[in-house]
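Structure data (TSV, C-alpha atoms) from data_6.tsv:
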```
chain	number	residue	atom	x	y	z
A	1	MET	CA	-4.59	100.88	84.00
A	2	PRO	CA	-5.33	97.50	82.36
A	3	ILE	CA	-9.02	96.67	82.65
A	4	PHE	CA	-8.33	93.08	83.73
A	5	ASN	CA	-6.29	94.09	86.75
A	6	ASP	CA	-8.87	94.03	89.55
A	7	THR	CA	-7.67	91.19	91.76
A	8	LYS	CA	-10.35	91.86	94.37
A	9	VAL	CA	-12.99	90.87	91.79
A	10	ALA	CA	-10.86	88.07	90.32
A	11	PHE	CA	-10.23	86.27	93.62
A	12	ALA	CA	-13.32	87.19	95.61
A	13	ASP	CA	-14.15	83.50	96.19
A	14	LYS	CA	-10.63	82.45	97.22
A	15	THR	CA	-9.33	82.29	100.78
A	16	ASP	CA	-5.80	83.39	101.65
A	17	ALA	CA	-4.82	79.73	102.05
A	18	GLN	CA	-6.17	78.84	98.61
A	19	LEU	CA	-4.28	81.72	97.03
A	20	ARG	CA	-1.03	80.74	98.73
A	21	LYS	CA	-1.44	77.16	97.54
A	22	ALA	CA	-2.14	78.35	93.98
A	23	TYR	CA	0.93	80.61	94.15
A	24	TRP	CA	3.10	77.68	95.20
A	25	MET	CA	1.75	75.52	92.35
A	26	PHE	CA	2.25	78.13	89.64
A	27	LYS	CA	5.74	78.78	91.04
A	28	MET	CA	6.57	75.10	90.54
A	29	ILE	CA	5.03	75.05	87.03
A	30	GLU	CA	7.13	78.10	86.11
A	31	GLN	CA	10.28	75.94	86.07
A	32	PRO	CA	10.40	73.95	82.75
A	33	ALA	CA	12.93	71.36	83.95
A	34	LEU	CA	11.04	70.79	87.18
A	35	THR	CA	7.73	70.54	85.34
A	36	SER	CA	9.15	68.02	82.85
A	37	LEU	CA	10.60	65.81	85.58
A	38	GLY	CA	7.58	66.22	87.84
A	39	THR	CA	5.03	65.29	85.18
A	40	SER	CA	6.97	62.13	84.26
A	41	VAL	CA	7.18	61.03	87.90
A	42	LEU	CA	3.55	61.98	88.49
A	43	ASN	CA	2.25	59.92	85.57
A	44	PHE	CA	4.30	56.92	86.69
A	45	THR	CA	3.36	57.00	90.37
A	46	VAL	CA	-0.35	57.60	89.85
A	47	HIS	CA	-0.56	54.99	87.07
A	48	ASN	CA	1.00	52.47	89.45
A	49	ASN	CA	-1.47	53.29	92.23
A	50	PHE	CA	0.69	55.05	94.79
A	51	PRO	CA	-2.21	56.15	97.07
A	52	PHE	CA	-0.12	58.76	98.92
A	53	VAL	CA	0.77	60.50	95.65
A	54	THR	CA	-2.84	60.36	94.43
A	55	GLY	CA	-3.91	62.16	97.62
A	56	ILE	CA	-1.31	64.87	97.11
A	57	VAL	CA	-2.41	65.37	93.49
A	58	LYS	CA	-6.06	65.67	94.51
A	59	ASN	CA	-5.24	68.39	97.03
A	60	THR	CA	-2.99	70.40	94.70
A	61	LEU	CA	-3.12	70.28	90.87
A	62	PHE	CA	-6.49	68.53	90.78
A	63	GLU	CA	-8.09	71.01	93.19
A	64	GLN	CA	-6.72	73.96	91.19
A	65	PHE	CA	-7.74	72.81	87.71
A	66	CYS	CA	-10.65	70.34	88.18
A	67	GLY	CA	-14.16	70.49	89.57
A	68	GLY	CA	-14.20	67.07	91.18
A	69	GLU	CA	-14.11	63.35	90.43
A	70	THR	CA	-17.79	63.21	89.44
A	71	ARG	CA	-20.38	65.60	88.05
A	72	GLU	CA	-22.20	65.59	91.36
A	73	GLU	CA	-19.02	66.46	93.25
A	74	SER	CA	-18.28	69.21	90.71
A	75	MET	CA	-21.67	70.87	91.19
A	76	LYS	CA	-20.34	72.76	94.22
A	77	VAL	CA	-17.96	74.61	91.87
A	78	VAL	CA	-20.67	75.01	89.21
A	79	LYS	CA	-23.03	76.68	91.68
A	80	GLN	CA	-20.28	78.90	93.08
A	81	LEU	CA	-19.31	80.10	89.60
A	82	PHE	CA	-22.91	80.68	88.53
A	83	LYS	CA	-23.59	82.87	91.56
A	84	ARG	CA	-21.16	85.26	89.89
A	85	GLY	CA	-22.63	84.88	86.41
A	86	VAL	CA	-20.09	82.37	85.09
A	87	GLY	CA	-21.22	79.19	83.33
A	88	SER	CA	-19.46	75.83	83.54
A	89	ILE	CA	-18.63	73.42	80.74
A	90	PHE	CA	-18.14	69.89	82.04
A	91	ASP	CA	-15.00	68.46	80.42
A	92	TYR	CA	-14.73	64.71	80.99
A	93	SER	CA	-10.94	64.71	80.81
A	94	ILE	CA	-10.05	61.09	80.13
A	95	GLU	CA	-7.14	60.95	77.67
A	96	GLY	CA	-4.87	58.40	76.06
A	97	LYS	CA	-7.21	55.38	75.73
A	98	GLU	CA	-8.01	53.82	72.36
A	99	ASP	CA	-10.31	50.83	72.81
A	100	GLU	CA	-13.92	50.50	71.68
A	101	GLU	CA	-15.14	49.82	75.21
A	102	THR	CA	-13.70	53.15	76.41
A	103	PHE	CA	-15.10	55.03	73.38
A	104	ASP	CA	-18.58	53.68	74.14
A	105	ALA	CA	-18.22	54.46	77.85
A	106	VAL	CA	-17.13	58.05	77.17
A	107	CYS	CA	-19.99	58.51	74.69
A	108	LYS	CA	-22.41	57.34	77.36
A	109	GLU	CA	-20.82	59.75	79.86
A	110	ILE	CA	-21.20	62.69	77.44
A	111	LYS	CA	-24.87	61.82	76.87
A	112	ASP	CA	-25.32	61.60	80.64
A	113	ILE	CA	-23.84	65.12	80.92
A	114	VAL	CA	-26.43	66.33	78.39
A	115	ARG	CA	-29.30	64.86	80.41
A	116	PHE	CA	-27.75	66.09	83.66
A	117	SER	CA	-27.55	69.67	82.34
A	118	VAL	CA	-31.02	69.97	80.78
A	119	GLY	CA	-32.80	73.02	82.13
A	120	ASN	CA	-29.71	74.27	83.96
A	121	PRO	CA	-28.43	77.60	82.56
A	122	ALA	CA	-25.29	77.21	84.68
A	123	ILE	CA	-24.12	74.56	82.16
A	124	PRO	CA	-24.49	76.29	78.75
A	125	PHE	CA	-22.36	73.93	76.62
A	126	ILE	CA	-21.52	70.25	76.28
A	127	VAL	CA	-18.03	69.36	75.01
A	128	PHE	CA	-16.10	66.34	73.79
A	129	LYS	CA	-12.87	65.53	71.94
A	130	PRO	CA	-13.04	63.63	68.63
A	131	THR	CA	-10.46	61.12	69.88
A	132	ALA	CA	-12.75	60.35	72.82
A	133	PHE	CA	-14.95	58.61	70.22
A	134	GLY	CA	-12.36	57.01	67.93
A	135	ARG	CA	-8.69	56.34	67.20
A	136	ILE	CA	-6.56	59.20	65.92
A	137	ASP	CA	-5.03	56.97	63.22
A	138	LEU	CA	-8.51	56.25	61.88
A	139	TYR	CA	-9.36	59.97	61.71
A	140	GLU	CA	-6.11	60.52	59.84
A	141	ALA	CA	-6.85	57.75	57.33
A	142	VAL	CA	-10.37	59.04	56.68
A	143	GLY	CA	-9.11	62.62	56.33
A	144	LYS	CA	-6.54	61.54	53.74
A	145	GLY	CA	-9.17	59.65	51.76
A	146	ALA	CA	-7.33	56.36	52.25
A	147	GLU	CA	-9.04	53.16	51.21
A	148	LEU	CA	-10.43	51.58	54.38
A	149	THR	CA	-10.70	47.89	55.11
A	150	THR	CA	-14.10	46.44	55.97
A	151	SER	CA	-13.28	46.49	59.69
A	152	GLN	CA	-12.05	50.10	59.46
A	153	LYS	CA	-15.27	51.13	57.71
A	154	GLU	CA	-17.28	49.50	60.49
A	155	GLU	CA	-15.08	51.24	63.07
A	156	TRP	CA	-15.60	54.63	61.37
A	157	ASP	CA	-19.35	54.01	61.24
A	158	ARG	CA	-19.26	53.63	65.02
A	159	VAL	CA	-17.39	56.94	65.37
A	160	VAL	CA	-20.02	58.69	63.21
A	161	LYS	CA	-22.78	57.04	65.24
A	162	ARG	CA	-21.30	58.36	68.52
A	163	PHE	CA	-21.06	61.87	67.08
A	164	ASP	CA	-24.63	61.70	65.83
A	165	GLU	CA	-26.09	60.31	69.05
A	166	VAL	CA	-24.59	63.14	71.11
A	167	CYS	CA	-25.50	65.89	68.63
A	168	LYS	CA	-29.03	64.53	68.21
A	169	LEU	CA	-29.55	64.42	71.98
A	170	CYS	CA	-28.28	68.00	72.28
A	171	HIS	CA	-30.62	69.10	69.49
A	172	GLU	CA	-33.58	67.43	71.20
A	173	ASN	CA	-32.76	69.12	74.50
A	174	ASP	CA	-31.67	72.52	73.13
A	175	LYS	CA	-28.13	72.20	74.49
A	176	LYS	CA	-25.12	73.54	72.58
A	177	VAL	CA	-22.27	71.07	71.98
A	178	MET	CA	-18.67	71.98	71.16
A	179	VAL	CA	-16.28	69.54	69.47
A	180	ASP	CA	-12.70	70.23	70.49
A	181	ALA	CA	-9.89	70.45	67.92
A	182	GLU	CA	-6.82	68.25	68.14
A	183	GLU	CA	-3.75	67.48	66.00
A	184	THR	CA	-3.72	68.78	62.41
A	185	TRP	CA	-3.26	65.33	60.88
A	186	MET	CA	-6.64	64.17	62.15
A	187	GLN	CA	-8.56	67.44	61.88
A	188	ASP	CA	-9.81	67.24	58.27
A	189	SER	CA	-12.10	64.30	59.02
A	190	ALA	CA	-13.23	65.88	62.31
A	191	ASP	CA	-14.07	69.12	60.45
A	192	GLN	CA	-16.07	67.16	57.90
A	193	LEU	CA	-17.98	65.32	60.62
A	194	CYS	CA	-18.75	68.59	62.37
A	195	GLU	CA	-20.04	70.09	59.13
A	196	GLU	CA	-22.30	67.08	58.59
A	197	MET	CA	-23.67	67.45	62.11
A	198	MET	CA	-24.18	71.21	61.63
A	199	GLU	CA	-26.08	70.65	58.39
A	200	LYS	CA	-28.29	68.15	60.19
A	201	TYR	CA	-28.87	69.92	63.52
A	202	ASN	CA	-28.13	73.65	62.99
A	203	GLN	CA	-31.06	74.45	60.72
A	204	GLU	CA	-32.69	76.79	63.26
A	205	LYS	CA	-29.80	77.80	65.54
A	206	PRO	CA	-26.18	76.78	66.24
A	207	ILE	CA	-26.39	73.58	68.30
A	208	VAL	CA	-23.16	71.97	67.04
A	209	TRP	CA	-19.97	74.07	67.33
A	210	ASN	CA	-16.59	73.16	65.83
A	211	THR	CA	-13.24	74.38	67.19
A	212	ILE	CA	-10.87	76.47	65.06
A	213	GLN	CA	-7.20	76.70	66.09
A	214	MET	CA	-5.88	80.05	64.89
A	215	TYR	CA	-2.22	79.20	65.48
A	216	ARG	CA	-2.63	77.04	62.39
A	217	THR	CA	-2.16	78.28	58.85
A	218	GLY	CA	-5.14	78.14	56.51
A	219	ARG	CA	-7.86	78.31	59.14
A	220	LEU	CA	-9.25	81.67	58.07
A	221	GLU	CA	-9.55	80.35	54.53
A	222	TYR	CA	-11.32	77.27	55.88
A	223	MET	CA	-13.86	79.41	57.74
A	224	GLU	CA	-14.55	81.54	54.67
A	225	ALA	CA	-15.14	78.45	52.50
A	226	HIS	CA	-17.24	76.84	55.23
A	227	LEU	CA	-19.42	79.93	55.51
A	228	GLN	CA	-20.14	79.69	51.78
A	229	ARG	CA	-21.17	76.03	52.17
A	230	ALA	CA	-23.36	76.90	55.16
A	231	ARG	CA	-25.12	79.66	53.21
A	232	GLU	CA	-25.73	77.30	50.29
A	233	LYS	CA	-27.17	74.62	52.58
A	234	ASN	CA	-28.88	77.13	54.86
A	235	TYR	CA	-27.60	76.21	58.30
A	236	PHE	CA	-25.98	78.13	61.15
A	237	ILE	CA	-22.35	77.86	62.24
A	238	GLY	CA	-20.99	77.70	65.76
A	239	TYR	CA	-17.24	78.06	66.31
A	240	LYS	CA	-15.02	77.90	69.32
A	241	ILE	CA	-12.07	80.13	68.40
A	242	VAL	CA	-8.79	79.28	70.16
A	243	ARG	CA	-5.09	79.77	69.50
A	244	GLY	CA	-4.07	76.12	69.97
A	245	ALA	CA	-2.16	73.81	72.27
A	246	TYR	CA	-0.02	71.36	70.27
A	247	MET	CA	2.65	73.65	68.82
A	248	GLU	CA	5.81	71.72	69.79
A	249	LYS	CA	4.29	68.39	68.74
A	250	GLU	CA	3.10	69.84	65.41
A	251	ARG	CA	6.46	71.40	64.53
A	252	ALA	CA	8.39	68.26	65.50
A	253	ARG	CA	6.17	65.98	63.41
A	254	ALA	CA	6.32	68.29	60.38
A	255	ALA	CA	10.13	68.33	60.58
A	256	GLU	CA	10.33	64.56	61.05
A	257	LYS	CA	8.02	63.72	58.14
A	258	GLY	CA	9.19	66.51	55.86
A	259	TYR	CA	5.97	68.43	55.26
A	260	ALA	CA	5.25	72.16	55.61
A	261	ASP	CA	4.95	73.39	59.19
A	262	PRO	CA	1.19	73.86	59.76
A	263	ILE	CA	1.73	76.37	62.58
A	264	GLN	CA	2.04	80.14	62.21
A	265	PRO	CA	5.72	81.23	62.12
A	266	SER	CA	5.56	83.36	65.29
A	267	LYS	CA	3.41	84.28	68.25
A	268	ASP	CA	2.76	87.64	66.61
A	269	ALA	CA	1.47	85.89	63.49
A	270	SER	CA	-0.78	83.67	65.64
A	271	ASP	CA	-2.13	86.71	67.46
A	272	LYS	CA	-2.87	88.49	64.17
A	273	ASN	CA	-4.61	85.40	62.85
A	274	TYR	CA	-6.69	85.14	66.03
A	275	ASN	CA	-7.70	88.78	65.66
A	276	ALA	CA	-8.61	88.10	62.03
A	277	GLY	CA	-10.84	85.31	63.33
A	278	ILE	CA	-12.55	87.82	65.62
A	279	ASP	CA	-13.19	90.10	62.63
A	280	PHE	CA	-14.55	87.20	60.59
A	281	VAL	CA	-17.10	86.32	63.28
A	282	MET	CA	-18.11	89.93	63.91
A	283	ASN	CA	-18.70	90.50	60.19
A	284	HIS	CA	-20.95	87.44	59.84
A	285	LEU	CA	-23.06	87.33	63.00
A	286	ASP	CA	-26.14	86.67	60.89
A	287	LYS	CA	-24.79	83.15	60.30
A	288	VAL	CA	-21.90	82.61	62.71
A	289	SER	CA	-21.77	82.47	66.53
A	290	ALA	CA	-18.52	82.15	68.45
A	291	PHE	CA	-17.14	81.05	71.78
A	292	PHE	CA	-13.80	82.87	72.12
A	293	GLY	CA	-11.57	80.65	74.22
A	294	THR	CA	-8.72	82.91	75.26
A	295	HIS	CA	-6.48	83.75	78.20
A	296	ASN	CA	-5.19	86.80	76.37
A	297	GLU	CA	-6.27	90.18	77.78
A	298	ILE	CA	-5.65	92.05	74.53
A	299	SER	CA	-7.83	89.66	72.51
A	300	SER	CA	-10.56	89.79	75.14
A	301	GLU	CA	-10.60	93.59	75.13
A	302	LEU	CA	-10.56	93.63	71.31
A	303	ILE	CA	-13.70	91.44	71.20
A	304	MET	CA	-15.39	93.80	73.66
A	305	ASP	CA	-14.42	96.81	71.54
A	306	LYS	CA	-15.72	95.17	68.35
A	307	MET	CA	-19.02	94.38	70.08
A	308	LYS	CA	-19.34	97.98	71.23
A	309	ALA	CA	-18.51	99.30	67.74
A	310	LYS	CA	-21.36	97.20	66.35
A	311	SER	CA	-23.72	98.37	69.14
A	312	LEU	CA	-24.11	94.82	70.45
A	313	GLU	CA	-25.32	94.29	74.01
A	314	ASN	CA	-22.73	92.75	76.33
A	315	GLY	CA	-24.87	89.64	76.68
A	316	ASN	CA	-25.40	89.13	72.94
A	317	PRO	CA	-26.28	85.43	72.45
A	318	HIS	CA	-23.90	85.04	69.48
A	319	VAL	CA	-20.76	85.88	71.48
A	320	TYR	CA	-19.29	83.89	74.37
A	321	PHE	CA	-15.97	84.12	76.19
A	322	GLY	CA	-14.26	81.20	77.88
A	323	GLN	CA	-11.28	80.33	80.05
A	324	LEU	CA	-10.06	77.21	81.80
A	325	TYR	CA	-11.00	76.63	85.42
A	326	GLY	CA	-8.13	77.61	87.71
A	327	MET	CA	-6.68	80.19	85.33
A	328	SER	CA	-7.29	83.76	84.17
A	329	ASP	CA	-9.88	84.57	86.84
A	330	ASN	CA	-8.98	88.23	86.28
A	331	ILE	CA	-10.52	87.97	82.79
A	332	THR	CA	-13.43	85.68	83.61
A	333	PHE	CA	-14.86	87.59	86.52
A	334	TYR	CA	-14.35	91.02	84.98
A	335	LEU	CA	-16.39	89.86	81.98
A	336	SER	CA	-19.13	88.33	84.12
A	337	ASP	CA	-19.25	91.46	86.26
A	338	LYS	CA	-19.94	93.48	83.08
A	339	GLY	CA	-22.68	91.14	81.89
A	340	TYR	CA	-20.85	89.28	79.10
A	341	ASN	CA	-21.51	85.60	78.37
A	342	VAL	CA	-18.57	83.77	79.92
A	343	ALA	CA	-17.92	80.19	80.98
A	344	LYS	CA	-15.16	78.11	82.47
A	345	TYR	CA	-14.05	74.74	81.08
A	346	LEU	CA	-14.45	72.51	84.15
A	347	PRO	CA	-12.56	69.20	83.89
A	348	TYR	CA	-13.65	66.29	86.06
A	349	GLY	CA	-13.00	62.56	86.41
A	350	PRO	CA	-11.15	60.09	88.65
A	351	VAL	CA	-7.80	61.53	89.73
A	352	LYS	CA	-5.84	58.68	88.14
A	353	ASP	CA	-7.55	59.13	84.78
A	354	VAL	CA	-7.27	62.93	84.78
A	355	VAL	CA	-3.52	63.04	85.48
A	356	PRO	CA	-2.57	63.02	81.74
A	357	TYR	CA	-4.77	66.13	81.32
A	358	LEU	CA	-3.24	67.80	84.38
A	359	THR	CA	0.34	67.15	83.29
A	360	ARG	CA	-0.45	68.44	79.77
A	361	ARG	CA	-1.95	71.56	81.32
A	362	ALA	CA	1.18	72.08	83.44
A	363	GLN	CA	3.43	71.70	80.39
A	364	GLU	CA	1.30	74.11	78.36
A	365	ASN	CA	1.52	76.71	81.12
A	366	THR	CA	5.29	76.34	81.10
A	367	SER	CA	5.54	76.77	77.31
A	368	VAL	CA	3.27	79.82	76.96
A	369	ALA	CA	5.41	82.90	77.47
A	370	GLY	CA	4.22	85.03	80.37
A	371	GLN	CA	1.21	82.84	81.24
A	372	THR	CA	2.46	81.52	84.58
A	373	GLY	CA	4.20	84.75	85.51
A	374	ARG	CA	0.95	86.65	85.04
A	375	GLU	CA	-0.92	84.26	87.34
A	376	LEU	CA	1.81	84.60	89.97
A	377	GLY	CA	1.79	88.39	89.73
A	378	LEU	CA	-1.97	88.62	90.15
A	379	ILE	CA	-2.03	86.26	93.14
A	380	LYS	CA	0.84	88.13	94.79
A	381	LYS	CA	-0.91	91.46	94.21
A	382	GLU	CA	-4.12	90.21	95.82
A	383	LEU	CA	-2.33	88.75	98.85
A	384	GLU	CA	-0.53	92.06	99.35
A	385	ARG	CA	-3.80	94.00	98.99
A	386	ARG	CA	-5.44	91.85	101.63
A	387	LYS	CA	-2.47	92.21	103.95
A	388	LYS	CA	-2.67	96.01	103.74
A	389	GLN	CA	-6.41	95.97	104.47
A	390	ALA	CA	-6.12	93.58	107.41
```

This structure in structure tokens:
Amino acid sequence: MPIFNDTKVAFADKTDAQLRKAYWMFKMIEQPALTSLGTSVLNFTVHNNFPFVTGIVKNTLFEQFCGGETREESMKVVKQLFKRGVGSIFDYSIEGKEDEETFDAVCKEIKDIVRFSVGNPAIPFIVFKPTAFGRIDLYEAVGKGAELTTSQKEEWDRVVKRFDEVCKLCHENDKKVMVDAEETWMQDSADQLCEEMMEKYNQEKPIVWNTIQMYRTGRLEYMEAHLQRAREKNYFIGYKIVRGAYMEKERARAAEKGYADPIQPSKDASDKNYNAGIDFVMNHLDKVSAFFGTHNEISSELIMDKMKAKSLENGNPHVYFGQLYGMSDNITFYLSDKGYNVAKYLPYGPVKDVVPYLTRRAQENTSVAGQTGRELGLIKKELERRKKQA
């Protein structure tokens, strides 16, 4: 019997009506053609302020995958999750904007999240995306070592300043901050920035955490080289270990521009690389802490087994598990029930601004083999269990 199969624990907080609504949504997402058409229409109608559509989105996709439109509104979910031992990571999910005014506004919002979460163990991490603080083309140019114009240098200085302000505030308030990973062509400069922030703020403990996408080639080698640099400079490393979420885009761009595909050749290869990442962390816990972001039951159980083999307590402070809000409750609540450190990514923001995130999430669910079918199966199982007990 799979250990993550207890739907009574997984859906203890959900009413029958909520489960039926979730089932209907995942059933829709399961159809690639429908998802593709629906996301295009959804982006158009919400962007053009169709209030009726916005209301429908808020009561369906938004309710399933987001905490609320504001932090205050989201606190109801935060408190509900924490009652069951699950932390929340506020994810201000504004995507697709590239102006300095927005970058400054998002930076201010992230700093407000830090202040909002001080002293609250229910919010163990802060998170932001590099492209929330600067243009992706600028990250790419810096990563390639391109010669920057005076205005580009000033623009990059502002990106560095935003990074530093957030990391400094987290250091001052003893809050951990994770920097999400994005497309490969901008990641080198983001990695370098994260390392600079770690060297500055991780002297005593891991405050700044970078994200490593294990569906990429060369990431294990990067971690090994980074560990050597961290030992030489005497600072701690924090990693969020994930598989990755840009596979189709990465492969298409590599083919178009004629460079080597940066993604592992198969799902099996990605899984093996993820497991190698688990081993890397477990073998270097004196210097490395990890937040394992995964919706994969096998990986989750493997981490648990490795912890047990090393005689680590379930709540060891160097090991966290994480899933997205609205998904994989069977994993999240099993882990919390057993005393492991686990948290949900909890997106929030105005419905109109969060729609690009929601449509991306729907498309990712469609592209990951078995993901949506598993959610449907678990929900169906729980509804049938409740029906029998009624």

Quick one: residues within 12 Å of A:Ile331, all atoms listed in the file counted, chain neighbours fewer than 2 positions away excluded, as a ChimeraX atom specification?
-> /A:2-7,9-11,86,293-301,304,321-329,333-338,340,342-344,374-375,378

Taking C-alpha atoms for each residue, export the selection above as a PDB file, in the coordinates of the input.
```pdb
ATOM      1  CA  PRO A   2      -5.330  97.500  82.360  1.00  0.00           C
ATOM      2  CA  ILE A   3      -9.020  96.670  82.650  1.00  0.00           C
ATOM      3  CA  PHE A   4      -8.330  93.080  83.730  1.00  0.00           C
ATOM      4  CA  ASN A   5      -6.290  94.090  86.750  1.00  0.00           C
ATOM      5  CA  ASP A   6      -8.870  94.030  89.550  1.00  0.00           C
ATOM      6  CA  THR A   7      -7.670  91.190  91.760  1.00  0.00           C
ATOM      7  CA  VAL A   9     -12.990  90.870  91.790  1.00  0.00           C
ATOM      8  CA  ALA A  10     -10.860  88.070  90.320  1.00  0.00           C
ATOM      9  CA  PHE A  11     -10.230  86.270  93.620  1.00  0.00           C
ATOM     10  CA  VAL A  86     -20.090  82.370  85.090  1.00  0.00           C
ATOM     11  CA  GLY A 293     -11.570  80.650  74.220  1.00  0.00           C
ATOM     12  CA  THR A 294      -8.720  82.910  75.260  1.00  0.00           C
ATOM     13  CA  HIS A 295      -6.480  83.750  78.200  1.00  0.00           C
ATOM     14  CA  ASN A 296      -5.190  86.800  76.370  1.00  0.00           C
ATOM     15  CA  GLU A 297      -6.270  90.180  77.780  1.00  0.00           C
ATOM     16  CA  ILE A 298      -5.650  92.050  74.530  1.00  0.00           C
ATOM     17  CA  SER A 299      -7.830  89.660  72.510  1.00  0.00           C
ATOM     18  CA  SER A 300     -10.560  89.790  75.140  1.00  0.00           C
ATOM     19  CA  GLU A 301     -10.600  93.590  75.130  1.00  0.00           C
ATOM     20  CA  MET A 304     -15.390  93.800  73.660  1.00  0.00           C
ATOM     21  CA  PHE A 321     -15.970  84.120  76.190  1.00  0.00           C
ATOM     22  CA  GLY A 322     -14.260  81.200  77.880  1.00  0.00           C
ATOM     23  CA  GLN A 323     -11.280  80.330  80.050  1.00  0.00           C
ATOM     24  CA  LEU A 324     -10.060  77.210  81.800  1.00  0.00           C
ATOM     25  CA  TYR A 325     -11.000  76.630  85.420  1.00  0.00           C
ATOM     26  CA  GLY A 326      -8.130  77.610  87.710  1.00  0.00           C
ATOM     27  CA  MET A 327      -6.680  80.190  85.330  1.00  0.00           C
ATOM     28  CA  SER A 328      -7.290  83.760  84.170  1.00  0.00           C
ATOM     29  CA  ASP A 329      -9.880  84.570  86.840  1.00  0.00           C
ATOM     30  CA  PHE A 333     -14.860  87.590  86.520  1.00  0.00           C
ATOM     31  CA  TYR A 334     -14.350  91.020  84.980  1.00  0.00           C
ATOM     32  CA  LEU A 335     -16.390  89.860  81.980  1.00  0.00           C
ATOM     33  CA  SER A 336     -19.130  88.330  84.120  1.00  0.00           C
ATOM     34  CA  ASP A 337     -19.250  91.460  86.260  1.00  0.00           C
ATOM     35  CA  LYS A 338     -19.940  93.480  83.080  1.00  0.00           C
ATOM     36  CA  TYR A 340     -20.850  89.280  79.100  1.00  0.00           C
ATOM     37  CA  VAL A 342     -18.570  83.770  79.920  1.00  0.00           C
ATOM     38  CA  ALA A 343     -17.920  80.190  80.980  1.00  0.00           C
ATOM     39  CA  LYS A 344     -15.160  78.110  82.470  1.00  0.00           C
ATOM     40  CA  ARG A 374       0.950  86.650  85.040  1.00  0.00           C
ATOM     41  CA  GLU A 375      -0.920  84.260  87.340  1.00  0.00           C
ATOM     42  CA  LEU A 378      -1.970  88.620  90.150  1.00  0.00           C
TER      43      LEU A 378
END
```

For A:Ala105, work out the shell of residues within 12 Å, counting only C-alpha atoms and skipping chain neighbours fewer than 5 positions away, then give it as a PDB file with C-alpha atoms, in the frame of the given file.
```pdb
ATOM      1  CA  TYR A  92     -14.730  64.710  80.990  1.00  0.00           C
ATOM      2  CA  ILE A  94     -10.050  61.090  80.130  1.00  0.00           C
ATOM      3  CA  LYS A  97      -7.210  55.380  75.730  1.00  0.00           C
ATOM      4  CA  GLU A  98      -8.010  53.820  72.360  1.00  0.00           C
ATOM      5  CA  ASP A  99     -10.310  50.830  72.810  1.00  0.00           C
ATOM      6  CA  GLU A 100     -13.920  50.500  71.680  1.00  0.00           C
ATOM      7  CA  ILE A 110     -21.200  62.690  77.440  1.00  0.00           C
ATOM      8  CA  LYS A 111     -24.870  61.820  76.870  1.00  0.00           C
ATOM      9  CA  ASP A 112     -25.320  61.600  80.640  1.00  0.00           C
ATOM     10  CA  ALA A 132     -12.750  60.350  72.820  1.00  0.00           C
ATOM     11  CA  PHE A 133     -14.950  58.610  70.220  1.00  0.00           C
ATOM     12  CA  GLY A 134     -12.360  57.010  67.930  1.00  0.00           C
ATOM     13  CA  ARG A 162     -21.300  58.360  68.520  1.00  0.00           C
TER      14      ARG A 162
END
```

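The smallest atom-to-atom distance between A:Met197 and any of A:Lys308, A:Lys249, A:Lys272, A:Lys161, using all atoms listed in the file, is found for A:Lys161.
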
Could you check which of A:Ile123, A:Leu138, A:Ala245, A:Ala181 is closest to A:Gly87, using only C-alpha atoms?
-> A:Ile123

Compile a residue-level contact table for stretch 54-82 of chain A against stretch 350-357 of chain A at a cut-off of 10 Å, reporting for every qualifying residue the shortest atom pair and its distance in Å to one decimal, with all atoms listed in the file counted, rows ordered by chain and ascending number, as CSV.
```
residue,atom,partner,partner_atom,distance
A:Thr54,CA,A:Val351,CA,6.9
A:Gly55,CA,A:Val351,CA,8.8
A:Val57,CA,A:Val351,CA,7.6
A:Lys58,CA,A:Val351,CA,6.6
A:Leu61,CA,A:Val355,CA,9.0
A:Phe62,CA,A:Val351,CA,7.2
A:Phe65,CA,A:Tyr357,CA,9.7
A:Cys66,CA,A:Val354,CA,8.8
A:Gly68,CA,A:Pro350,CA,8.0
A:Glu69,CA,A:Pro350,CA,4.7
A:Thr70,CA,A:Pro350,CA,7.4
```

Just the selected residues (C-alpha atoms), exported as a compact mmCIF listing (two decimals), in the frame of the given file, please.
```txt
# COMPACT_ATOMS: atom_id res chain seq x y z
CA THR A 54 -2.84 60.36 94.43
CA GLY A 55 -3.91 62.16 97.62
CA VAL A 57 -2.41 65.37 93.49
CA LYS A 58 -6.06 65.67 94.51
CA LEU A 61 -3.12 70.28 90.87
CA PHE A 62 -6.49 68.53 90.78
CA PHE A 65 -7.74 72.81 87.71
CA CYS A 66 -10.65 70.34 88.18
CA GLY A 68 -14.20 67.07 91.18
CA GLU A 69 -14.11 63.35 90.43
CA THR A 70 -17.79 63.21 89.44
```

Polymer residues at most 7 Å from A:Tyr23, all atoms listed in the file, same-chain spacing of 3 or more positions, as an NGL selection string = :A and (19-20 or 26-27 or 376 or 379)

Based on the selection just made, write C-alpha atoms of those residues as a short mmCIF file (atom, residue, chain, number, x, y, z; two decimals), keeping the file's coordinate frame.
```
data_model
loop_
_atom_site.label_atom_id
_atom_site.label_comp_id
_atom_site.auth_asym_id
_atom_site.auth_seq_id
_atom_site.Cartn_x
_atom_site.Cartn_y
_atom_site.Cartn_z
CA LEU A 19 -4.28 81.72 97.03
CA ARG A 20 -1.03 80.74 98.73
CA PHE A 26 2.25 78.13 89.64
CA LYS A 27 5.74 78.78 91.04
CA LEU A 376 1.81 84.60 89.97
CA ILE A 379 -2.03 86.26 93.14
#
```

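Note that atom CA of A:Val78 and atom CA of A:Ala12 are 15.6 Å apart.
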
Just how far from atom CA of A:Leu220 is atom CA of A:Asp137, in Å to one decimal?
->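 Rounded to one decimal, the two atoms are 25.6 Å apart.
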